[in-house]
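Participant: Got query.cif for you, mmCIF, N, CA and C atoms:
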data_input
#
loop_
_atom_site.label_atom_id
_atom_site.label_comp_id
_atom_site.auth_asym_id
_atom_site.auth_seq_id
_atom_site.Cartn_x
_atom_site.Cartn_y
_atom_site.Cartn_z
N SER H 1 0.81 -1.21 0.00
CA SER H 1 0.00 0.00 0.00
C SER H 1 0.85 1.26 0.00
N GLY H 2 2.07 1.17 0.49
CA GLY H 2 2.93 2.35 0.55
C GLY H 2 4.36 1.98 0.27
N VAL H 3 5.22 2.99 0.25
CA VAL H 3 6.64 2.78 0.02
C VAL H 3 7.44 3.62 1.00
N VAL H 4 8.68 3.22 1.22
CA VAL H 4 9.60 3.97 2.06
C VAL H 4 10.85 4.22 1.24
N GLY H 5 11.35 5.44 1.29
CA GLY H 5 12.58 5.78 0.58
C GLY H 5 13.43 6.70 1.42
N GLU H 6 14.61 6.98 0.91
CA GLU H 6 15.55 7.82 1.64
C GLU H 6 15.95 9.02 0.80
N LEU H 7 15.98 10.18 1.43
CA LEU H 7 16.44 11.39 0.76
C LEU H 7 17.96 11.34 0.59
N GLU H 8 18.47 12.02 -0.41
CA GLU H 8 19.92 12.06 -0.61
C GLU H 8 20.62 12.67 0.59
N LYS H 9 20.02 13.75 1.13
CA LYS H 9 20.58 14.42 2.30
C LYS H 9 19.43 14.71 3.27
N PRO H 10 19.70 14.64 4.57
CA PRO H 10 18.66 14.99 5.54
C PRO H 10 18.21 16.44 5.36
N MET H 11 16.95 16.71 5.68
CA MET H 11 16.39 18.06 5.56
C MET H 11 15.75 18.45 6.88
N SER H 12 15.75 19.74 7.14
CA SER H 12 14.99 20.26 8.27
C SER H 12 13.50 20.16 7.89
N PRO H 13 12.63 20.15 8.88
CA PRO H 13 11.20 20.09 8.56
C PRO H 13 10.74 21.22 7.62
N SER H 14 11.22 22.42 7.84
CA SER H 14 10.78 23.54 6.98
C SER H 14 11.28 23.38 5.55
N HIS H 15 12.51 22.91 5.37
CA HIS H 15 13.02 22.67 4.01
C HIS H 15 12.28 21.51 3.35
N PHE H 16 11.96 20.50 4.13
CA PHE H 16 11.21 19.37 3.60
C PHE H 16 9.83 19.82 3.12
N LEU H 17 9.15 20.66 3.91
CA LEU H 17 7.84 21.17 3.50
C LEU H 17 7.92 21.97 2.21
N GLU H 18 8.93 22.82 2.09
CA GLU H 18 9.11 23.60 0.85
C GLU H 18 9.39 22.68 -0.33
N PHE H 19 10.24 21.68 -0.13
CA PHE H 19 10.58 20.70 -1.17
C PHE H 19 9.32 19.95 -1.61
N LEU H 20 8.55 19.46 -0.64
CA LEU H 20 7.32 18.72 -0.92
C LEU H 20 6.30 19.59 -1.64
N LYS H 21 6.12 20.81 -1.17
CA LYS H 21 5.17 21.74 -1.78
C LYS H 21 5.54 22.02 -3.23
N SER H 22 6.82 22.21 -3.49
CA SER H 22 7.29 22.49 -4.84
C SER H 22 7.15 21.28 -5.76
N LYS H 23 7.65 20.14 -5.32
CA LYS H 23 7.66 18.93 -6.15
C LYS H 23 6.26 18.42 -6.47
N MET H 24 5.36 18.52 -5.50
CA MET H 24 4.00 18.02 -5.69
C MET H 24 3.03 19.11 -6.15
N GLU H 25 3.54 20.33 -6.34
CA GLU H 25 2.73 21.47 -6.80
C GLU H 25 1.51 21.66 -5.91
N LEU H 26 1.78 21.85 -4.62
CA LEU H 26 0.72 21.94 -3.61
C LEU H 26 0.41 23.38 -3.23
N GLU H 27 -0.84 23.61 -2.87
CA GLU H 27 -1.24 24.90 -2.34
C GLU H 27 -1.06 24.95 -0.83
N GLN H 28 -1.18 23.78 -0.19
CA GLN H 28 -1.10 23.73 1.27
C GLN H 28 -0.73 22.33 1.73
N ILE H 29 -0.23 22.25 2.95
CA ILE H 29 0.12 20.97 3.58
C ILE H 29 -0.31 21.06 5.05
N ARG H 30 -1.04 20.06 5.52
CA ARG H 30 -1.31 19.94 6.95
C ARG H 30 -0.24 19.03 7.51
N PHE H 31 0.32 19.38 8.68
CA PHE H 31 1.43 18.58 9.20
C PHE H 31 1.51 18.63 10.72
N THR H 32 2.24 17.66 11.27
CA THR H 32 2.52 17.64 12.71
C THR H 32 3.82 18.39 12.94
N PRO H 33 3.91 19.17 14.00
CA PRO H 33 5.16 19.87 14.28
C PRO H 33 6.26 18.91 14.73
N THR H 34 7.49 19.19 14.31
CA THR H 34 8.65 18.41 14.74
C THR H 34 9.90 19.26 14.58
N ASN H 35 10.93 18.90 15.31
CA ASN H 35 12.24 19.52 15.15
C ASN H 35 13.25 18.52 14.58
N ASN H 36 12.80 17.29 14.38
CA ASN H 36 13.70 16.24 13.89
C ASN H 36 14.03 16.40 12.42
N GLU H 37 15.26 16.07 12.04
CA GLU H 37 15.63 16.07 10.63
C GLU H 37 14.89 14.95 9.91
N ILE H 38 14.65 15.17 8.63
CA ILE H 38 13.93 14.21 7.81
C ILE H 38 14.93 13.53 6.86
N LYS H 39 15.02 12.21 6.94
CA LYS H 39 15.88 11.43 6.04
C LYS H 39 15.09 10.31 5.36
N ARG H 40 14.39 9.49 6.16
CA ARG H 40 13.58 8.39 5.60
C ARG H 40 12.12 8.84 5.51
N VAL H 41 11.54 8.63 4.33
CA VAL H 41 10.18 9.11 4.07
C VAL H 41 9.30 7.95 3.61
N ALA H 42 8.13 7.81 4.26
CA ALA H 42 7.12 6.82 3.86
C ALA H 42 6.01 7.57 3.12
N ILE H 43 5.46 6.92 2.10
CA ILE H 43 4.42 7.55 1.28
C ILE H 43 3.30 6.55 1.01
N CYS H 44 2.07 7.03 1.11
CA CYS H 44 0.91 6.26 0.69
C CYS H 44 -0.07 7.22 0.04
N GLY H 45 -0.37 7.01 -1.23
CA GLY H 45 -1.33 7.84 -1.93
C GLY H 45 -2.74 7.59 -1.41
N GLY H 46 -3.56 8.63 -1.43
CA GLY H 46 -4.94 8.50 -0.98
C GLY H 46 -5.06 8.50 0.53
N SER H 47 -6.07 7.83 1.03
CA SER H 47 -6.35 7.79 2.47
C SER H 47 -5.41 6.82 3.16
N GLY H 48 -4.36 7.33 3.77
CA GLY H 48 -3.33 6.46 4.31
C GLY H 48 -3.18 6.46 5.81
N ALA H 49 -4.16 6.91 6.54
CA ALA H 49 -4.04 6.96 8.01
C ALA H 49 -3.80 5.57 8.60
N PHE H 50 -4.30 4.53 7.93
CA PHE H 50 -4.15 3.17 8.46
C PHE H 50 -2.69 2.72 8.49
N LEU H 51 -1.78 3.44 7.83
CA LEU H 51 -0.37 3.07 7.82
C LEU H 51 0.51 3.92 8.74
N ILE H 52 -0.09 4.80 9.51
CA ILE H 52 0.70 5.68 10.39
C ILE H 52 1.57 4.87 11.35
N LYS H 53 1.02 3.86 11.98
CA LYS H 53 1.80 3.06 12.95
C LYS H 53 2.96 2.35 12.27
N GLU H 54 2.78 1.86 11.04
CA GLU H 54 3.87 1.24 10.29
C GLU H 54 4.93 2.27 9.92
N ALA H 55 4.49 3.44 9.49
CA ALA H 55 5.42 4.51 9.13
C ALA H 55 6.26 4.93 10.33
N LEU H 56 5.64 4.93 11.50
CA LEU H 56 6.35 5.27 12.75
C LEU H 56 7.56 4.38 12.97
N LYS H 57 7.46 3.12 12.57
CA LYS H 57 8.55 2.15 12.76
C LYS H 57 9.67 2.32 11.74
N LYS H 58 9.36 2.94 10.59
CA LYS H 58 10.30 2.89 9.46
C LYS H 58 10.76 4.23 8.91
N ALA H 59 10.13 5.33 9.33
CA ALA H 59 10.42 6.59 8.66
C ALA H 59 10.45 7.77 9.63
N ASP H 60 11.02 8.86 9.14
CA ASP H 60 11.03 10.13 9.87
C ASP H 60 9.80 10.97 9.49
N ALA H 61 9.35 10.80 8.24
CA ALA H 61 8.20 11.55 7.74
C ALA H 61 7.26 10.61 7.01
N TYR H 62 5.98 10.99 7.00
CA TYR H 62 4.96 10.20 6.32
C TYR H 62 4.09 11.13 5.50
N ILE H 63 4.01 10.88 4.20
CA ILE H 63 3.19 11.69 3.29
C ILE H 63 1.98 10.86 2.88
N SER H 64 0.80 11.42 3.11
CA SER H 64 -0.43 10.75 2.71
C SER H 64 -1.55 11.78 2.68
N ALA H 65 -2.80 11.31 2.89
CA ALA H 65 -3.94 12.22 2.84
C ALA H 65 -5.07 11.72 3.73
N ASP H 66 -6.04 12.57 3.90
CA ASP H 66 -7.26 12.28 4.66
C ASP H 66 -6.98 11.88 6.11
N ILE H 67 -5.96 12.47 6.69
CA ILE H 67 -5.64 12.20 8.10
C ILE H 67 -6.62 13.00 8.96
N LYS H 68 -7.29 12.32 9.89
CA LYS H 68 -8.23 12.98 10.78
C LYS H 68 -7.47 13.61 11.95
N TYR H 69 -8.11 14.57 12.59
CA TYR H 69 -7.51 15.32 13.69
C TYR H 69 -6.83 14.41 14.72
N HIS H 70 -7.55 13.45 15.26
CA HIS H 70 -6.99 12.60 16.31
C HIS H 70 -5.92 11.65 15.80
N GLU H 71 -5.95 11.34 14.51
CA GLU H 71 -4.92 10.47 13.93
C GLU H 71 -3.56 11.15 13.89
N PHE H 72 -3.54 12.47 13.86
CA PHE H 72 -2.26 13.19 13.91
C PHE H 72 -1.55 12.92 15.24
N PHE H 73 -2.29 12.64 16.30
CA PHE H 73 -1.68 12.32 17.59
C PHE H 73 -0.91 11.00 17.54
N ASP H 74 -1.24 10.12 16.60
CA ASP H 74 -0.55 8.85 16.46
C ASP H 74 0.93 9.02 16.09
N ALA H 75 1.31 10.22 15.70
CA ALA H 75 2.71 10.50 15.37
C ALA H 75 3.59 10.42 16.61
N GLU H 76 2.98 10.56 17.77
CA GLU H 76 3.67 10.44 19.05
C GLU H 76 4.89 11.36 19.17
N GLY H 77 4.89 12.45 18.44
CA GLY H 77 6.02 13.37 18.47
C GLY H 77 7.26 12.85 17.77
N LYS H 78 7.16 11.69 17.13
CA LYS H 78 8.32 11.07 16.48
C LYS H 78 8.23 11.06 14.96
N LEU H 79 7.02 11.19 14.41
CA LEU H 79 6.82 11.09 12.97
C LEU H 79 6.27 12.40 12.44
N PHE H 80 6.86 12.89 11.38
CA PHE H 80 6.43 14.12 10.73
C PHE H 80 5.36 13.75 9.71
N ILE H 81 4.09 13.87 10.09
CA ILE H 81 3.00 13.53 9.19
C ILE H 81 2.67 14.73 8.31
N CYS H 82 2.63 14.49 7.00
CA CYS H 82 2.29 15.53 6.03
C CYS H 82 1.06 15.07 5.25
N ASP H 83 -0.07 15.72 5.48
CA ASP H 83 -1.30 15.43 4.76
C ASP H 83 -1.38 16.42 3.60
N ILE H 84 -1.18 15.91 2.38
CA ILE H 84 -1.11 16.81 1.22
C ILE H 84 -2.42 16.87 0.44
N GLY H 85 -3.42 16.11 0.84
CA GLY H 85 -4.69 16.08 0.13
C GLY H 85 -4.82 14.81 -0.70
N HIS H 86 -6.01 14.27 -0.76
CA HIS H 86 -6.25 12.99 -1.43
C HIS H 86 -5.92 13.07 -2.92
N PHE H 87 -6.55 13.98 -3.63
CA PHE H 87 -6.31 14.13 -5.07
C PHE H 87 -4.83 14.43 -5.34
N GLU H 88 -4.28 15.32 -4.52
CA GLU H 88 -2.89 15.74 -4.72
C GLU H 88 -1.92 14.58 -4.53
N SER H 89 -2.24 13.66 -3.63
CA SER H 89 -1.33 12.53 -3.38
C SER H 89 -1.39 11.48 -4.47
N GLU H 90 -2.41 11.54 -5.31
CA GLU H 90 -2.57 10.54 -6.37
C GLU H 90 -2.44 11.11 -7.78
N LYS H 91 -2.24 12.39 -7.93
CA LYS H 91 -2.33 13.00 -9.26
C LYS H 91 -1.26 12.54 -10.25
N TYR H 92 -0.16 11.99 -9.78
CA TYR H 92 0.88 11.54 -10.70
C TYR H 92 0.80 10.04 -11.01
N THR H 93 -0.15 9.35 -10.38
CA THR H 93 -0.25 7.91 -10.60
C THR H 93 -0.69 7.56 -12.01
N VAL H 94 -1.47 8.42 -12.65
CA VAL H 94 -1.90 8.17 -14.03
C VAL H 94 -0.67 8.03 -14.92
N GLU H 95 0.29 8.93 -14.77
CA GLU H 95 1.51 8.88 -15.57
C GLU H 95 2.32 7.62 -15.27
N LEU H 96 2.39 7.24 -14.00
CA LEU H 96 3.13 6.03 -13.62
C LEU H 96 2.49 4.79 -14.23
N PHE H 97 1.16 4.70 -14.14
CA PHE H 97 0.47 3.54 -14.72
C PHE H 97 0.63 3.51 -16.24
N ALA H 98 0.56 4.67 -16.87
CA ALA H 98 0.73 4.74 -18.32
C ALA H 98 2.13 4.24 -18.72
N GLU H 99 3.13 4.61 -17.95
CA GLU H 99 4.50 4.16 -18.22
C GLU H 99 4.62 2.64 -18.07
N ILE H 100 4.04 2.10 -17.00
CA ILE H 100 4.07 0.65 -16.77
C ILE H 100 3.35 -0.08 -17.89
N LEU H 101 2.16 0.39 -18.25
CA LEU H 101 1.39 -0.26 -19.31
C LEU H 101 2.10 -0.19 -20.66
N SER H 102 2.70 0.95 -20.95
CA SER H 102 3.42 1.13 -22.23
C SER H 102 4.59 0.17 -22.35
N LYS H 103 5.27 -0.11 -21.23
CA LYS H 103 6.40 -1.05 -21.26
C LYS H 103 5.92 -2.48 -21.42
N LYS H 104 4.81 -2.82 -20.77
CA LYS H 104 4.30 -4.20 -20.81
C LYS H 104 3.55 -4.49 -22.11
N PHE H 105 2.86 -3.48 -22.62
CA PHE H 105 2.06 -3.64 -23.85
C PHE H 105 2.51 -2.57 -24.85
N THR H 106 3.50 -2.90 -25.65
CA THR H 106 4.13 -1.90 -26.53
C THR H 106 3.18 -1.33 -27.58
N ASN H 107 2.12 -2.04 -27.92
CA ASN H 107 1.17 -1.52 -28.91
C ASN H 107 -0.09 -0.93 -28.25
N PHE H 108 -0.01 -0.64 -26.97
CA PHE H 108 -1.12 -0.11 -26.19
C PHE H 108 -1.02 1.41 -26.15
N ALA H 109 -2.06 2.11 -26.60
CA ALA H 109 -2.06 3.58 -26.61
C ALA H 109 -2.64 4.11 -25.30
N THR H 110 -2.02 5.12 -24.74
CA THR H 110 -2.55 5.75 -23.54
C THR H 110 -2.99 7.17 -23.87
N ILE H 111 -4.14 7.53 -23.36
CA ILE H 111 -4.68 8.87 -23.58
C ILE H 111 -4.99 9.47 -22.22
N PHE H 112 -4.48 10.66 -21.97
CA PHE H 112 -4.69 11.33 -20.68
C PHE H 112 -5.88 12.27 -20.76
N SER H 113 -6.78 12.14 -19.80
CA SER H 113 -7.91 13.05 -19.71
C SER H 113 -7.40 14.42 -19.26
N GLN H 114 -8.00 15.46 -19.75
CA GLN H 114 -7.65 16.82 -19.34
C GLN H 114 -8.63 17.36 -18.30
N ILE H 115 -9.55 16.50 -17.84
CA ILE H 115 -10.57 16.91 -16.88
C ILE H 115 -10.03 16.79 -15.45
N ASN H 116 -10.16 17.85 -14.69
CA ASN H 116 -9.76 17.84 -13.28
C ASN H 116 -10.92 17.26 -12.48
N THR H 117 -10.69 16.11 -11.87
CA THR H 117 -11.77 15.44 -11.13
C THR H 117 -11.73 15.72 -9.63
N ASN H 118 -10.91 16.65 -9.20
CA ASN H 118 -10.82 16.97 -7.77
C ASN H 118 -12.07 17.75 -7.36
N PRO H 119 -12.89 17.18 -6.45
CA PRO H 119 -14.09 17.89 -6.02
C PRO H 119 -13.83 18.96 -4.97
N ILE H 120 -12.57 19.11 -4.54
CA ILE H 120 -12.23 20.07 -3.49
C ILE H 120 -11.49 21.26 -4.09
N GLN H 121 -11.92 22.45 -3.72
CA GLN H 121 -11.24 23.67 -4.12
C GLN H 121 -10.77 24.39 -2.85
N TYR H 122 -9.77 25.23 -2.98
CA TYR H 122 -9.23 25.96 -1.83
C TYR H 122 -9.39 27.46 -2.03
N TYR H 123 -9.82 28.13 -1.00
CA TYR H 123 -9.89 29.59 -1.00
C TYR H 123 -8.59 30.12 -0.45
N ARG H 124 -7.90 30.93 -1.22
CA ARG H 124 -6.60 31.49 -0.76
C ARG H 124 -6.71 32.96 -0.53
#
Write out the structure in this file as structure tokens.

Facilitator:
Amino acid sequence: SGVVGELEKPMSPSHFLEFLKSKMELEQIRFTPTNNEIKRVAICGGSGAFLIKEALKKADAYISADIKYHEFFDAEGKLFICDIGHFESEKYTVELFAEILSKKFTNFATIFSQINTNPIQYYR
């Protein structure tokens, strides 16, 4: 359901948030406060609160979505939880699946929809 990876260099929480916001083209990030450096990162696209306890064992930061208020307490002050939004956490999966399918089925055409299916908008 998720993956764990390592950053090339450890980052401070504020630098990690800027990096994540830039790379994922985000308007906002909900997160737990921490002073710990971020090196190992766990990721689960979509609703990933069910993996918080696993991420606690394996990572410094956890990126997912749909984390409820009380689930942020599961970080226990040890895990930097970053809730980037459900749609936002999955928006690049179409490209990944297209790449996988194109390699497995060389005569398979992929067409990307231009319709934004995110039902959530943000007031800035």

Participant: Quick check, in Å to one decimal: how far apart do atom CA of His86 of chain H and atom N of Gly48 of chain H lie?

Facilitator: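 Calculated distance between atom CA of His86 of chain H and atom N of Gly48 of chain H is 7.9 Å.
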
Participant: Would you mind telling me which residue in H:Ile100, H:Ala55, H:Leu20, H:Ile29 lies nearest to Tyr122 of chain H when using only C-alpha atoms?

Facilitator: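 Once distances to Tyr122 of chain H are computed over only C-alpha atoms, the minimum belongs to H:Ile29.
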
Participant: I'd like to know which of H:Lys21, H:Pro10, H:Phe16, H:Leu96 is closest to Arg40 of chain H, using all atoms listed in the file.

Facilitator: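 The closest residue to Arg40 of chain H is H:Pro10.
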
Participant: List every residue of segment 40-119 of chain H that DSSP, applied to the backbone of this structure, places in strand (DSSP E), and write the result as number ranges by chain.

Facilitator: H: 40-47, 61-65, 80-83

Participant: Pull the helix (DSSP H, G or I) assignments for chain H out of DSSP run on the backbone, and list those residues as a VMD selection string.

Facilitator: chain H and resid 13 to 23 49 to 58 69 to 75 86 to 90 93 to 104

Participant: Point out the residue among H:Ala65, H:Gly77, H:Phe105, H:Phe50 with the least atom-to-atom distance to Asn35 of chain H, counting all atoms listed in the file.

Facilitator: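 Nearest to Asn35 of chain H: H:Gly77.
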
Participant: Let me make sure I understand: among H:Lys91, H:Arg30, H:Lys103, H:Arg124, which one has the smallest atom-to-atom distance to Gly46 of chain H if we use all atoms listed in the file?

Facilitator: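 Checking each of H:Lys91, H:Arg30, H:Lys103, H:Arg124 against Gly46 of chain H, counting all atoms listed in the file, the winner is H:Lys91.
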
Participant: To one decimal place, how far is atom CA of Cys82 of chain H from atom N of Thr117 of chain H in Å?

Facilitator: 22.1 Å

Participant: Might you spell out which residues the PyMOL selection byres ((chain H and resi 60) around 6) would select in the displayed file, as a PyMOL selection string?

Facilitator: chain H and resi 38-42+58-59+61-62+78-80

Participant: Output as a tab-separated table (two decimals), in the coordinates of the input: segment 77-88 of chain H, completed with all heavy atoms.

Facilitator:
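Saved file part15.tsv follows:
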chain	number	residue	atom	x	y	z
H	77	GLY	N	4.89	12.45	18.44
H	77	GLY	CA	6.02	13.37	18.47
H	77	GLY	C	7.26	12.85	17.77
H	77	GLY	O	8.31	13.48	17.83
H	78	LYS	N	7.16	11.69	17.13
H	78	LYS	CA	8.32	11.07	16.48
H	78	LYS	C	8.23	11.06	14.96
H	78	LYS	O	9.24	10.90	14.29
H	78	LYS	CB	8.47	9.62	16.96
H	78	LYS	CG	8.67	9.48	18.44
H	78	LYS	CD	8.65	8.03	18.83
H	78	LYS	CE	8.58	7.89	20.34
H	78	LYS	NZ	8.17	6.57	20.75
H	79	LEU	N	7.02	11.19	14.41
H	79	LEU	CA	6.82	11.09	12.97
H	79	LEU	C	6.27	12.40	12.44
H	79	LEU	O	5.32	12.96	12.99
H	79	LEU	CB	5.83	9.95	12.67
H	79	LEU	CG	5.53	9.65	11.22
H	79	LEU	CD1	6.78	9.12	10.51
H	79	LEU	CD2	4.39	8.63	11.11
H	80	PHE	N	6.86	12.89	11.38
H	80	PHE	CA	6.43	14.12	10.73
H	80	PHE	C	5.36	13.75	9.71
H	80	PHE	O	5.68	13.31	8.61
H	80	PHE	CB	7.65	14.77	10.06
H	80	PHE	CG	7.44	16.16	9.55
H	80	PHE	CD1	6.81	17.12	10.32
H	80	PHE	CD2	7.92	16.52	8.31
H	80	PHE	CE1	6.65	18.41	9.85
H	80	PHE	CE2	7.77	17.81	7.83
H	80	PHE	CZ	7.14	18.75	8.60
H	81	ILE	N	4.09	13.87	10.09
H	81	ILE	CA	3.00	13.53	9.19
H	81	ILE	C	2.67	14.73	8.31
H	81	ILE	O	2.45	15.83	8.81
H	81	ILE	CB	1.74	13.11	9.97
H	81	ILE	CG1	2.02	11.85	10.78
H	81	ILE	CG2	0.57	12.89	9.00
H	81	ILE	CD1	0.85	11.41	11.66
H	82	CYS	N	2.63	14.49	7.00
H	82	CYS	CA	2.29	15.53	6.03
H	82	CYS	C	1.06	15.07	5.25
H	82	CYS	O	1.14	14.14	4.45
H	82	CYS	CB	3.44	15.78	5.07
H	82	CYS	SG	4.95	16.33	5.87
H	83	ASP	N	-0.07	15.72	5.48
H	83	ASP	CA	-1.30	15.43	4.76
H	83	ASP	C	-1.38	16.42	3.60
H	83	ASP	O	-1.61	17.61	3.79
H	83	ASP	CB	-2.50	15.58	5.70
H	83	ASP	CG	-3.82	15.25	5.04
H	83	ASP	OD1	-3.96	15.41	3.80
H	83	ASP	OD2	-4.74	14.82	5.76
H	84	ILE	N	-1.18	15.91	2.38
H	84	ILE	CA	-1.11	16.81	1.22
H	84	ILE	C	-2.42	16.87	0.44
H	84	ILE	O	-2.51	17.62	-0.53
H	84	ILE	CB	0.06	16.43	0.29
H	84	ILE	CG1	-0.13	15.05	-0.33
H	84	ILE	CG2	1.38	16.53	1.05
H	84	ILE	CD1	0.92	14.71	-1.40
H	85	GLY	N	-3.42	16.11	0.84
H	85	GLY	CA	-4.69	16.08	0.13
H	85	GLY	C	-4.82	14.81	-0.70
H	85	GLY	O	-3.83	14.32	-1.26
H	86	HIS	N	-6.01	14.27	-0.76
H	86	HIS	CA	-6.25	12.99	-1.43
H	86	HIS	C	-5.92	13.07	-2.92
H	86	HIS	O	-5.11	12.30	-3.43
H	86	HIS	CB	-7.71	12.57	-1.23
H	86	HIS	CG	-7.98	11.16	-1.62
H	86	HIS	ND1	-8.33	10.21	-0.70
H	86	HIS	CD2	-7.94	10.53	-2.82
H	86	HIS	CE1	-8.49	9.06	-1.32
H	86	HIS	NE2	-8.27	9.23	-2.61
H	87	PHE	N	-6.55	13.98	-3.63
H	87	PHE	CA	-6.31	14.13	-5.07
H	87	PHE	C	-4.83	14.43	-5.34
H	87	PHE	O	-4.23	13.85	-6.23
H	87	PHE	CB	-7.19	15.26	-5.63
H	87	PHE	CG	-6.93	15.57	-7.08
H	87	PHE	CD1	-7.56	14.84	-8.08
H	87	PHE	CD2	-6.05	16.58	-7.45
H	87	PHE	CE1	-7.32	15.12	-9.42
H	87	PHE	CE2	-5.80	16.87	-8.78
H	87	PHE	CZ	-6.44	16.14	-9.77
H	88	GLU	N	-4.28	15.32	-4.52
H	88	GLU	CA	-2.89	15.74	-4.72
H	88	GLU	C	-1.92	14.58	-4.53
H	88	GLU	O	-0.89	14.51	-5.20
H	88	GLU	CB	-2.55	16.87	-3.75
H	88	GLU	CG	-3.29	18.17	-4.03
H	88	GLU	CD	-4.73	18.22	-3.53
H	88	GLU	OE1	-5.20	17.25	-2.90
H	88	GLU	OE2	-5.40	19.25	-3.77
